[in-house]
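Undergrad: start35.txt is reproduced in full below (compact mmCIF, C-alpha atoms).
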```txt
# COMPACT_ATOMS: atom_id res chain seq x y z
CA ILE I 19 -1.89 -27.02 -11.68
CA TYR I 20 -4.83 -29.32 -11.09
CA GLU I 21 -7.52 -28.53 -8.53
CA GLN I 22 -9.52 -31.28 -6.79
CA TYR I 23 -7.50 -33.96 -8.56
CA ASN I 24 -7.28 -37.54 -7.35
CA ILE I 25 -3.83 -39.09 -7.75
CA SER I 26 -3.33 -42.80 -8.37
CA VAL I 27 0.34 -43.79 -7.97
CA SER I 28 2.11 -47.02 -8.87
CA GLU I 29 5.86 -47.51 -9.19
CA GLY I 30 6.32 -43.87 -8.26
CA LYS I 31 4.24 -42.55 -11.17
CA ASP I 32 0.78 -41.03 -11.42
CA ASN I 33 -1.18 -43.33 -13.72
CA ASN I 34 -3.72 -40.65 -14.65
CA LEU I 35 -1.44 -37.95 -16.04
CA LYS I 36 -0.10 -38.17 -19.58
CA ASN I 37 2.18 -35.93 -21.64
CA LEU I 38 2.85 -33.44 -18.84
CA HIS I 39 5.64 -30.89 -18.65
CA ILE I 40 7.76 -31.99 -15.69
CA ILE I 41 9.62 -29.39 -13.62
CA ASP I 42 12.71 -30.71 -11.87
CA ALA I 43 12.49 -29.10 -8.41
CA THR I 44 15.57 -30.85 -7.03
CA ASN I 45 17.34 -28.55 -4.55
CA LYS I 46 14.61 -25.95 -5.02
CA ILE I 47 11.79 -24.70 -2.78
CA VAL I 48 8.15 -25.06 -3.73
CA MET I 49 6.28 -22.32 -1.87
CA PRO I 50 3.42 -19.85 -2.23
CA GLY I 51 4.19 -16.75 -4.27
CA LEU I 52 5.63 -13.67 -2.57
CA ILE I 53 3.44 -10.60 -2.01
CA ASN I 54 4.71 -7.08 -2.68
CA VAL I 55 2.58 -5.13 -0.18
CA HIS I 56 3.45 -1.65 -1.47
CA ALA I 57 4.62 -0.75 -4.97
CA HIS I 58 4.61 1.91 -7.65
CA ILE I 59 4.58 -0.62 -10.45
CA PRO I 60 5.72 1.52 -13.42
CA MET I 61 8.52 3.21 -11.47
CA SER I 62 11.04 0.48 -12.32
CA ILE I 63 12.10 2.75 -15.20
CA PHE I 64 13.27 5.40 -12.71
CA ARG I 65 15.56 3.05 -10.82
CA GLU I 66 19.04 4.50 -10.11
CA THR I 67 18.24 7.73 -11.97
CA THR I 68 17.77 9.97 -8.92
CA GLU I 69 19.77 8.52 -6.04
CA GLY I 70 20.98 10.37 -2.94
CA TYR I 71 18.12 12.82 -2.38
CA LYS I 72 15.91 13.37 0.64
CA LEU I 73 12.27 12.36 0.20
CA TYR I 74 10.80 15.78 -0.54
CA GLU I 75 13.67 16.75 -2.89
CA TRP I 76 13.34 13.42 -4.68
CA LEU I 77 9.59 13.82 -5.14
CA GLU I 78 9.20 17.51 -5.87
CA ASP I 79 12.37 18.23 -7.85
CA LYS I 80 13.03 14.93 -9.62
CA ILE I 81 10.16 12.44 -9.77
CA TRP I 82 6.97 14.48 -10.07
CA PRO I 83 8.22 16.64 -12.99
CA VAL I 84 9.10 13.48 -14.95
CA GLU I 85 5.85 11.73 -14.04
CA ASP I 86 3.90 14.69 -15.44
CA LYS I 87 5.24 13.71 -18.88
CA LEU I 88 4.33 10.00 -18.72
CA THR I 89 1.91 8.64 -21.34
CA GLU I 90 -0.36 5.60 -21.09
CA GLU I 91 2.03 3.76 -23.40
CA ASP I 92 4.98 4.60 -21.12
CA VAL I 93 3.12 3.31 -18.08
CA TYR I 94 1.95 0.14 -19.82
CA TYR I 95 5.43 -0.94 -20.91
CA ALA I 96 7.04 0.16 -17.64
CA SER I 97 4.44 -1.93 -15.80
CA MET I 98 5.11 -4.94 -18.03
CA LEU I 99 8.83 -4.61 -17.21
CA SER I 100 8.00 -4.60 -13.50
CA TYR I 101 5.68 -7.59 -13.83
CA ILE I 102 8.40 -9.55 -15.63
CA GLU I 103 10.83 -8.73 -12.81
CA MET I 104 8.31 -9.74 -10.14
CA ILE I 105 7.41 -13.01 -11.84
CA SER I 106 11.08 -13.88 -12.31
CA THR I 107 11.76 -13.43 -8.58
CA GLY I 108 8.65 -15.21 -7.27
CA THR I 109 6.24 -12.32 -6.64
CA THR I 110 2.72 -13.28 -7.68
CA CYS I 111 0.70 -10.50 -5.99
CA VAL I 112 1.36 -6.77 -5.80
CA ASN I 113 -0.39 -3.89 -4.00
CA ASP I 114 0.00 -0.82 -6.24
CA HIS I 115 -0.08 2.90 -5.39
CA TYR I 116 0.12 4.92 -8.60
CA PHE I 117 -1.84 6.62 -11.38
CA ILE I 118 -2.58 6.26 -15.13
CA SER I 119 -4.15 3.14 -13.73
CA ASN I 120 -5.95 1.91 -16.84
CA ALA I 121 -2.56 1.24 -18.41
CA ILE I 122 -1.40 -0.62 -15.30
CA ARG I 123 -4.62 -2.65 -15.34
CA LYS I 124 -4.01 -3.62 -18.97
CA ALA I 125 -0.51 -4.80 -18.04
CA ALA I 126 -1.91 -6.71 -15.06
CA GLU I 127 -4.46 -8.42 -17.30
CA ASP I 128 -1.81 -9.31 -19.88
CA SER I 129 0.71 -10.62 -17.32
CA LYS I 130 -1.96 -12.30 -15.16
CA VAL I 131 -0.25 -11.25 -11.93
CA ARG I 132 -2.64 -10.77 -9.02
CA THR I 133 -2.83 -7.00 -8.48
CA VAL I 134 -4.44 -4.67 -5.97
CA LEU I 135 -5.04 -1.56 -8.05
CA THR I 136 -5.87 2.08 -7.31
CA ARG I 137 -5.70 5.65 -8.54
CA VAL I 138 -3.79 7.69 -5.96
CA LEU I 139 -5.60 10.74 -4.55
CA MET I 140 -4.07 14.03 -3.40
CA ASP I 141 -5.01 17.73 -3.35
CA SER I 142 -1.69 19.48 -2.81
CA ASP I 143 -2.18 21.16 -6.20
CA GLY I 144 -5.71 22.36 -5.43
CA GLU I 145 -9.34 21.29 -5.34
CA ASN I 146 -9.76 20.92 -9.12
CA GLY I 147 -6.88 18.47 -9.35
CA PHE I 148 -8.31 16.44 -6.51
CA LYS I 149 -11.77 16.30 -8.08
CA GLN I 150 -10.24 15.05 -11.33
CA ARG I 151 -8.36 12.31 -9.49
CA VAL I 152 -11.52 11.22 -7.67
CA LYS I 153 -13.32 11.09 -11.02
CA GLU I 154 -10.52 8.95 -12.48
CA PHE I 155 -10.60 6.60 -9.48
CA GLU I 156 -14.36 6.13 -9.65
CA ASN I 157 -14.19 5.52 -13.39
CA LEU I 158 -11.41 2.98 -12.85
CA TYR I 159 -13.40 1.09 -10.24
CA GLU I 160 -16.77 1.28 -11.94
CA THR I 161 -15.37 0.03 -15.28
CA ARG I 162 -13.64 -2.97 -13.68
CA ASN I 163 -14.17 -6.49 -14.95
CA LYS I 164 -16.14 -8.01 -12.09
CA GLU I 165 -15.34 -11.49 -13.37
CA ASN I 166 -11.59 -10.96 -13.02
CA GLU I 167 -10.77 -12.12 -9.50
CA LEU I 168 -7.06 -11.40 -9.99
CA ILE I 169 -7.56 -7.63 -9.84
CA THR I 170 -8.99 -5.93 -6.74
CA TYR I 171 -8.94 -2.30 -5.58
CA THR I 172 -8.14 0.10 -2.76
CA VAL I 173 -8.85 3.77 -2.07
CA SER I 174 -5.45 5.43 -1.85
CA PRO I 175 -4.85 8.94 -0.54
CA HIS I 176 -1.20 9.65 -1.24
CA SER I 177 -0.06 10.79 2.22
CA MET I 178 -0.69 13.12 5.13
CA TYR I 179 1.58 15.78 3.60
CA THR I 180 -0.15 15.86 0.18
CA CYS I 181 -3.75 15.49 1.40
CA SER I 182 -5.82 18.02 3.32
CA ASP I 183 -8.35 16.94 5.92
CA ALA I 184 -11.04 17.32 3.27
CA ALA I 185 -9.17 14.98 0.91
CA LEU I 186 -8.70 12.39 3.63
CA GLU I 187 -12.38 12.64 4.58
CA LYS I 188 -13.39 12.17 0.94
CA SER I 189 -11.11 9.14 0.74
CA ALA I 190 -12.85 7.69 3.77
CA GLU I 191 -16.22 8.31 2.10
CA LEU I 192 -15.09 6.48 -1.02
CA SER I 193 -13.82 3.59 1.08
CA LYS I 194 -17.22 3.26 2.73
CA LYS I 195 -19.12 3.78 -0.54
CA TYR I 196 -17.30 0.98 -2.35
CA ASN I 197 -16.40 -1.13 0.70
CA LEU I 198 -12.69 -0.94 -0.11
CA PRO I 199 -9.61 -0.84 2.14
CA VAL I 200 -7.43 2.28 2.38
CA HIS I 201 -3.78 2.31 1.26
CA ILE I 202 -1.64 5.35 2.24
CA HIS I 203 2.01 6.35 2.68
CA PHE I 204 2.72 6.95 6.35
CA LEU I 205 5.79 8.31 8.16
CA GLU I 206 8.37 7.50 5.48
CA SER I 207 10.95 9.95 6.84
CA ILE I 208 11.80 12.16 9.82
CA ASP I 209 10.98 15.21 7.67
CA GLU I 210 7.48 13.90 7.10
CA ILE I 211 6.88 13.37 10.82
CA GLU I 212 7.92 16.95 11.59
CA ASP I 213 5.92 18.30 8.65
CA ILE I 214 2.75 16.58 9.85
CA LYS I 215 3.25 17.92 13.36
CA ASN I 216 3.67 21.45 12.04
CA LYS I 217 0.71 21.32 9.67
CA THR I 218 -1.72 19.61 12.04
CA PRO I 219 -0.77 20.49 15.63
CA GLU I 220 -4.29 19.68 16.82
CA LYS I 221 -3.75 16.10 15.67
CA GLU I 222 -0.22 15.70 16.91
CA ALA I 223 0.86 12.25 17.98
CA PHE I 224 3.79 11.63 20.32
CA CYS I 225 6.77 9.52 19.26
CA THR I 226 8.54 8.28 22.36
CA GLY I 227 12.07 9.61 22.15
CA ASN I 228 14.51 6.83 21.34
CA SER I 229 12.33 3.97 22.56
CA SER I 230 12.14 0.92 20.28
CA LEU I 231 10.00 -2.15 20.77
CA THR I 232 9.66 -5.39 18.86
CA TYR I 233 6.33 -6.10 17.17
CA ARG I 234 5.32 -8.40 20.01
CA GLU I 235 6.26 -5.88 22.70
CA LEU I 236 4.28 -3.16 20.95
CA PHE I 237 1.32 -5.49 20.46
CA LEU I 238 1.27 -6.25 24.19
CA LEU I 239 1.63 -2.57 25.05
CA VAL I 240 -1.33 -1.64 22.87
CA LYS I 241 -3.42 -4.46 24.30
CA GLU I 242 -2.64 -3.24 27.81
CA LYS I 243 -3.37 0.41 27.03
CA GLN I 244 -6.25 -0.05 24.60
CA LYS I 245 -9.09 0.45 27.05
CA LYS I 246 -7.48 3.55 28.54
CA TRP I 247 -6.79 5.01 25.12
CA LYS I 248 -10.39 4.53 24.10
CA THR I 249 -11.64 6.62 26.99
CA ALA I 250 -8.78 9.11 27.45
CA ALA I 251 -7.66 10.00 23.90
CA LYS I 252 -9.92 12.76 22.64
CA LYS I 253 -7.90 13.75 19.61
CA GLU I 254 -7.97 12.12 16.20
CA LEU I 255 -4.75 10.16 15.76
CA TYR I 256 -2.93 9.17 12.61
CA PHE I 257 -3.70 5.47 12.70
CA ILE I 258 -4.88 4.93 16.28
CA GLN I 259 -8.58 5.70 16.24
CA LYS I 260 -10.83 4.82 19.11
CA GLU I 261 -11.89 1.17 19.46
CA GLN I 262 -10.01 0.09 16.32
CA ALA I 263 -6.65 0.92 17.91
CA LEU I 264 -5.42 -2.65 18.33
CA ASP I 265 -6.49 -3.86 14.90
CA GLN I 266 -5.12 -0.80 13.14
CA LEU I 267 -1.77 -0.97 14.90
CA THR I 268 -1.23 -4.65 14.17
CA GLU I 269 -2.30 -4.17 10.54
CA PHE I 270 0.04 -1.19 10.21
CA LEU I 271 2.97 -3.10 11.68
CA THR I 272 2.35 -6.14 9.54
CA CYS I 273 3.03 -3.99 6.47
CA GLN I 274 6.35 -2.63 7.72
CA GLY I 275 9.68 -3.98 6.60
CA MET I 276 11.53 -3.16 9.81
CA GLY I 277 12.36 -5.31 12.81
CA TYR I 278 11.74 -2.40 15.15
CA VAL I 279 9.37 0.54 15.11
CA GLN I 280 8.96 3.76 17.04
CA VAL I 281 6.14 3.67 19.55
CA ILE I 282 3.41 6.18 18.68
CA LEU I 283 1.09 7.25 21.45
CA PRO I 284 -1.52 9.97 21.89
CA LYS I 285 0.22 13.16 23.01
CA ASP I 286 -1.89 13.44 26.15
CA MET I 287 -0.80 9.92 27.15
CA GLU I 288 2.90 10.91 27.09
CA GLU I 289 3.43 10.81 30.82
CA ASP I 290 1.70 7.46 31.13
CA LYS I 291 3.63 5.63 28.43
```
Please go through the file and, once you have read it, give me the structure as structure tokens.

TA:
Amino acid sequence: IYEQYNISVSEGKDNNLKNLHIIDATNKIVMPGLINVHAHIPMSIFRETTEGYKLYEWLEDKIWPVEDKLTEEDVYYASMLSYIEMISTGTTCVNDHYFISNAIRKAAEDSKVRTVLTRVLMDSDGENGFKQRVKEFENLYETRNKENELITYTVSPHSMYTCSDAALEKSAELSKKYNLPVHIHFLESIDEIEDIKNKTPEKEAFCTGNSSLTYRELFLLVKEKQKKWKTAAKKELYFIQKEQALDQLTEFLTCQGMGYVQVILPKDMEEDK
């Protein structure tokens, strides 16, 4: 790949280039690399080992106990396997959401795949565990190679069901401190929606029955309602927060892999949906 290169062509050949490796792209597509917007890079080694479980069963009974036994070496080689798979299928950038992140960073450096890296934060096992994870995240970020433009970072609370309000607030503080975006799991299953409602009734959001809208329809709805939401919604909402409502909704939807989404409105706007 040559940047800022002037091409001089005669008889169908570039006169300036010698001894190049030529790729025959006949019947192929030349396109920008694909972007994996949410991944747990080392988890390729768990594929097809724990199928058929609900989310909480899968996490608490199957995945987390195994992850507790992972070593840095395990994570490095599992990450290299995932990078090989991504490269072979055209993915050149990945947004990760995992831990033992120094090993993932080493794999990212060795594979030279553009990576958005993090150390996931959660406090479901107590305050001490959370403080250790924050310490690991800050060490990860502060020991980064500032010259390596292929690796960037996010602050990543795990989810609403594994993070207390205090953990989410600390995540927001870290995001502001380091000027980094936030990456979080959100509404992955019906069980999670109900769990969040039960744990945080004062922050409950309303999901409109069986209503489904396309991205464009939801975008227009939010645009129409935005001003009213700003003045009428007094509760903190999951991803609709005050004047950022429109931007946050469109950003959230951009990251979804579905053609349709449930409409999420402030509970006190239910009758005016």

Undergrad: Scan for residues within 10 Å of the point (0.8, -12.6, 1.2) in the coordinates of the file, using only C-alpha atoms, and reply as JSON, numbers by chain.

TA: {"I": [50, 51, 52, 53, 54, 55, 109, 110, 111, 112]}

Undergrad: Find the smallest box with edges along x, y and z containing every listed atom of stretch 102-109 of chain I, then add 5 Å on each side and report centre and edge lengths in Å to one decimal, as lines of an AutoDock Vina configuration file.

TA:
```
center_x = 9.0
center_y = -12.0
center_z = -11.1
size_x = 15.5
size_y = 16.5
size_z = 19.0
```

Undergrad: Between I:Thr136, I:Thr68, I:Ser142, I:Ser106, which is the closest to I:Ser182 once you count only C-alpha atoms?

TA: I:Ser142

Undergrad: I'd like the interatomic distance between atom CA of I:Pro60 and atom CA of I:Ser100, to a tenth of an Å.

TA: 6.5 Å

Undergrad: Have a look at atom CA of I:Ser207 and atom CA of I:Gln150 and let me know their distance in Å, one decimal.

TA: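 These atoms are spaced 28.4 Å apart.
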
Undergrad: From the set I:Ala96, I:Leu158, I:Val173, I:Ile118, which residue has the shortest atom-to-atom contact distance to I:Lys194, counting only C-alpha atoms?

TA: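 Using only C-alpha atoms, the shortest distance to I:Lys194 belongs to I:Val173.
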
Undergrad: State, in Å with one decimal place, the distance from atom CA of I:Leu192 to atom CA of I:Val152.

TA: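 These atoms are spaced 8.9 Å apart.
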
Undergrad: Counting only C-alpha atoms, figure out which residue out of I:Glu165, I:Glu160, I:Glu212, I:Glu90 gets nearest to I:Met178.

TA: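 Counting only C-alpha atoms, the residue closest to I:Met178 is I:Glu212.
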
Undergrad: Counting only C-alpha atoms, I want the residues whose atoms come within 6 Å of (-6.6, -5.4, -9.1) in the file frame, returned as an NGL selection string.

TA: :I and (133-135 or 169-171)

Undergrad: Report as JSON lines the residues of stretch 105-216 of chain I within 12 Å of stretch 84-89 of chain I, each with its shortest atom pair and distance in Å (one decimal), using only C-alpha atoms, ordered by chain and increasing residue number.

TA:
```
{"residue": "I:Tyr116", "atom": "CA", "partner": "I:Glu85", "partner_atom": "CA", "distance": 10.4}
{"residue": "I:Phe117", "atom": "CA", "partner": "I:Glu85", "partner_atom": "CA", "distance": 9.6}
{"residue": "I:Ile118", "atom": "CA", "partner": "I:Thr89", "partner_atom": "CA", "distance": 8.0}
{"residue": "I:Ser119", "atom": "CA", "partner": "I:Thr89", "partner_atom": "CA", "distance": 11.2}
{"residue": "I:Asn120", "atom": "CA", "partner": "I:Thr89", "partner_atom": "CA", "distance": 11.3}
{"residue": "I:Ala121", "atom": "CA", "partner": "I:Thr89", "partner_atom": "CA", "distance": 9.1}
{"residue": "I:Ile122", "atom": "CA", "partner": "I:Thr89", "partner_atom": "CA", "distance": 11.5}
```

Undergrad: Generate the output file for the selected residues, C-alpha atoms, as a CSV table (one decimal), in the coordinates of the input.

TA:
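Contents of selection25.csv, as written:
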```
chain,number,residue,atom,x,y,z
I,116,TYR,CA,0.1,4.9,-8.6
I,117,PHE,CA,-1.8,6.6,-11.4
I,118,ILE,CA,-2.6,6.3,-15.1
I,119,SER,CA,-4.2,3.1,-13.7
I,120,ASN,CA,-6.0,1.9,-16.8
I,121,ALA,CA,-2.6,1.2,-18.4
I,122,ILE,CA,-1.4,-0.6,-15.3
```

Undergrad: Considering only C-alpha atoms, state which residue in the set I:Asp79, I:Glu156, I:Arg151, I:Tyr94 is at the smallest distance from I:Tyr196.

TA: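 Looking at the shortest contact to I:Tyr196, the residue is I:Glu156.
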
Undergrad: Just checking: using all atoms listed in the file, which residue out of I:Glu91, I:Asn146, I:Ile105, I:Thr172 ends up closest to I:Pro199?

TA: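 Ranking I:Glu91, I:Asn146, I:Ile105, I:Thr172 by distance to I:Pro199, first place goes to I:Thr172.
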
Undergrad: Skip I:Ala185 itself and residues of its chain fewer than 3 positions away, then list as JSON, numbers by chain all residues within 12 Å of it, counting only C-alpha atoms.

TA: {"I": [138, 139, 140, 141, 142, 143, 144, 145, 146, 147, 148, 149, 151, 152, 173, 174, 175, 176, 177, 178, 179, 180, 181, 182, 188, 189, 190, 191, 192]}

Undergrad: Which one is closest to I:Arg123: I:Ala57, I:Leu168, I:Ile40, I:Ile102? Count all atoms listed in the file.

TA: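 That would be I:Leu168, the residue with the smallest distance to I:Arg123.
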